[in-house]
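Notes to accompany the following structure.
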Amino acid sequence: MMTMKMSTVLRPATPSRFRRGHTRPSVEALLHEISGLTAERQVLRERGVDPAKLERNRVKLARAQWELSHALIERYLPAADFQAA
C-alpha cells in the first residue's frame, strides 16, 4: 500500500512583492508606469518572447496596479476613514 504525505507551505497574507514600500509614487507617476508596462507587454506578445519575460512584465504590471489602488485610496479616502480601514 502506498501512502503520500502532503505538506502545506504557509505564506504571508501579502506576498513580499505587494507590500508597500517607504516611498509612495504619485497617482500620475503610477499611471505613467502602467502605460509603459502595458505598451511593453504588447510588444513582448507581438515578438513572441519566452514566457519568463512575459511573466516578469505581468508581475511588474500587477504591482503597479496594486500600488495605484492604494495611492487612489490614500488620495480620496478622508484621513479618518483611512485610519479605520
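Following the order of the C-alpha cells, first chain is A, next is B, and so on, with residues numbered from 1 inside each chain and ligands from 1 in the order they appear.
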Each region 23-51 of chain A residue no farther than 12 Å from region 57-60 of chain A, nearest pair in Å, only C-alpha atoms, as JSON lines:
```
{"residue": "A:Leu30", "atom": "CA", "partner": "A:Lys60", "partner_atom": "CA", "distance": 11.4}
{"residue": "A:Glu33", "atom": "CA", "partner": "A:Lys60", "partner_atom": "CA", "distance": 9.5}
{"residue": "A:Ile34", "atom": "CA", "partner": "A:Lys60", "partner_atom": "CA", "distance": 8.7}
{"residue": "A:Ser35", "atom": "CA", "partner": "A:Lys60", "partner_atom": "CA", "distance": 11.7}
{"residue": "A:Gly36", "atom": "CA", "partner": "A:Asn57", "partner_atom": "CA", "distance": 10.5}
{"residue": "A:Leu37", "atom": "CA", "partner": "A:Asn57", "partner_atom": "CA", "distance": 6.9}
{"residue": "A:Thr38", "atom": "CA", "partner": "A:Asn57", "partner_atom": "CA", "distance": 8.6}
{"residue": "A:Ala39", "atom": "CA", "partner": "A:Asn57", "partner_atom": "CA", "distance": 10.5}
{"residue": "A:Glu40", "atom": "CA", "partner": "A:Asn57", "partner_atom": "CA", "distance": 7.9}
{"residue": "A:Arg41", "atom": "CA", "partner": "A:Asn57", "partner_atom": "CA", "distance": 6.5}
{"residue": "A:Gln42", "atom": "CA", "partner": "A:Asn57", "partner_atom": "CA", "distance": 10.3}
{"residue": "A:Val43", "atom": "CA", "partner": "A:Asn57", "partner_atom": "CA", "distance": 11.1}
{"residue": "A:Leu44", "atom": "CA", "partner": "A:Asn57", "partner_atom": "CA", "distance": 8.9}
{"residue": "A:Arg45", "atom": "CA", "partner": "A:Asn57", "partner_atom": "CA", "distance": 10.7}
{"residue": "A:Val49", "atom": "CA", "partner": "A:Asn57", "partner_atom": "CA", "distance": 11.3}
{"residue": "A:Asp50", "atom": "CA", "partner": "A:Asn57", "partner_atom": "CA", "distance": 11.5}
{"residue": "A:Pro51", "atom": "CA", "partner": "A:Asn57", "partner_atom": "CA", "distance": 9.9}
```
Expected file: the selected residues, N, CA, C and O atoms, as a compact mmCIF listing (two decimals), in the first residue's frame:
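Saved the output as part31.txt:
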```txt
# COMPACT_ATOMS: atom_id res chain seq x y z
N LEU A 30 2.27 56.55 -11.26
CA LEU A 30 1.86 55.15 -11.41
C LEU A 30 1.09 54.92 -12.70
O LEU A 30 1.28 53.91 -13.37
N GLU A 33 3.66 54.73 -15.36
CA GLU A 33 4.36 53.44 -15.30
C GLU A 33 3.49 52.33 -15.89
O GLU A 33 3.97 51.50 -16.67
N ILE A 34 2.22 52.31 -15.53
CA ILE A 34 1.30 51.29 -16.03
C ILE A 34 1.16 51.39 -17.55
O ILE A 34 1.16 50.37 -18.26
N SER A 35 1.10 52.60 -18.06
CA SER A 35 1.01 52.80 -19.51
C SER A 35 2.24 52.23 -20.21
O SER A 35 2.12 51.53 -21.22
N GLY A 36 3.41 52.51 -19.65
CA GLY A 36 4.65 51.98 -20.24
C GLY A 36 4.72 50.47 -20.18
O GLY A 36 5.13 49.82 -21.15
N LEU A 37 4.33 49.90 -19.04
CA LEU A 37 4.36 48.44 -18.89
C LEU A 37 3.36 47.76 -19.82
O LEU A 37 3.63 46.68 -20.36
N THR A 38 2.23 48.41 -20.03
CA THR A 38 1.22 47.86 -20.94
C THR A 38 1.73 47.87 -22.38
O THR A 38 1.59 46.87 -23.11
N ALA A 39 2.35 48.98 -22.78
CA ALA A 39 2.92 49.05 -24.13
C ALA A 39 4.03 48.02 -24.29
O ALA A 39 4.12 47.34 -25.33
N GLU A 40 4.87 47.88 -23.27
CA GLU A 40 5.94 46.88 -23.31
C GLU A 40 5.36 45.48 -23.45
O GLU A 40 5.86 44.66 -24.22
N ARG A 41 4.28 45.20 -22.73
CA ARG A 41 3.66 43.88 -22.78
C ARG A 41 3.14 43.57 -24.18
O ARG A 41 3.27 42.45 -24.68
N GLN A 42 2.56 44.57 -24.83
CA GLN A 42 2.05 44.36 -26.19
C GLN A 42 3.19 44.03 -27.15
O GLN A 42 3.06 43.13 -27.99
N VAL A 43 4.31 44.72 -27.00
CA VAL A 43 5.47 44.45 -27.85
C VAL A 43 6.01 43.05 -27.57
O VAL A 43 6.34 42.30 -28.51
N LEU A 44 6.09 42.68 -26.31
CA LEU A 44 6.59 41.35 -25.95
C LEU A 44 5.71 40.26 -26.56
O LEU A 44 6.21 39.27 -27.09
N ARG A 45 4.41 40.46 -26.52
CA ARG A 45 3.48 39.47 -27.08
C ARG A 45 3.63 39.38 -28.60
O ARG A 45 3.62 38.30 -29.17
N VAL A 49 8.04 36.55 -27.23
CA VAL A 49 9.16 36.28 -26.32
C VAL A 49 8.85 35.11 -25.40
O VAL A 49 7.70 34.67 -25.29
N ASP A 50 9.89 34.64 -24.73
CA ASP A 50 9.69 33.48 -23.87
C ASP A 50 8.77 33.84 -22.69
O ASP A 50 8.70 35.01 -22.28
N PRO A 51 8.07 32.87 -22.17
CA PRO A 51 7.08 33.10 -21.11
C PRO A 51 7.65 33.75 -19.86
O PRO A 51 6.95 34.49 -19.17
```
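Relative to CA of Ser26 (chain A), CA of Glu67 (chain A) is found at 9.5 Å.
Proximity to Val27 (chain A) was assessed for A:Glu46, A:Ala71, A:Trp66, A:Ala52 counting only C-alpha atoms; the smallest distance is recorded for A:Ala71.
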Exercise for the section: Just give me the gap between CA of Arg24 (chain A) and CA of Gln65 (chain A) in Å, one decimal is fine. Expected result: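 Computing it gives 13.2 Å between the two atoms.
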Problem - Point-to-point distance from CA of Ala64 (chain A) to CA of Gly48 (chain A), Å rounded to tenths - result: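 Between CA of Ala64 (chain A) and CA of Gly48 (chain A) the gap is 23.3 Å.
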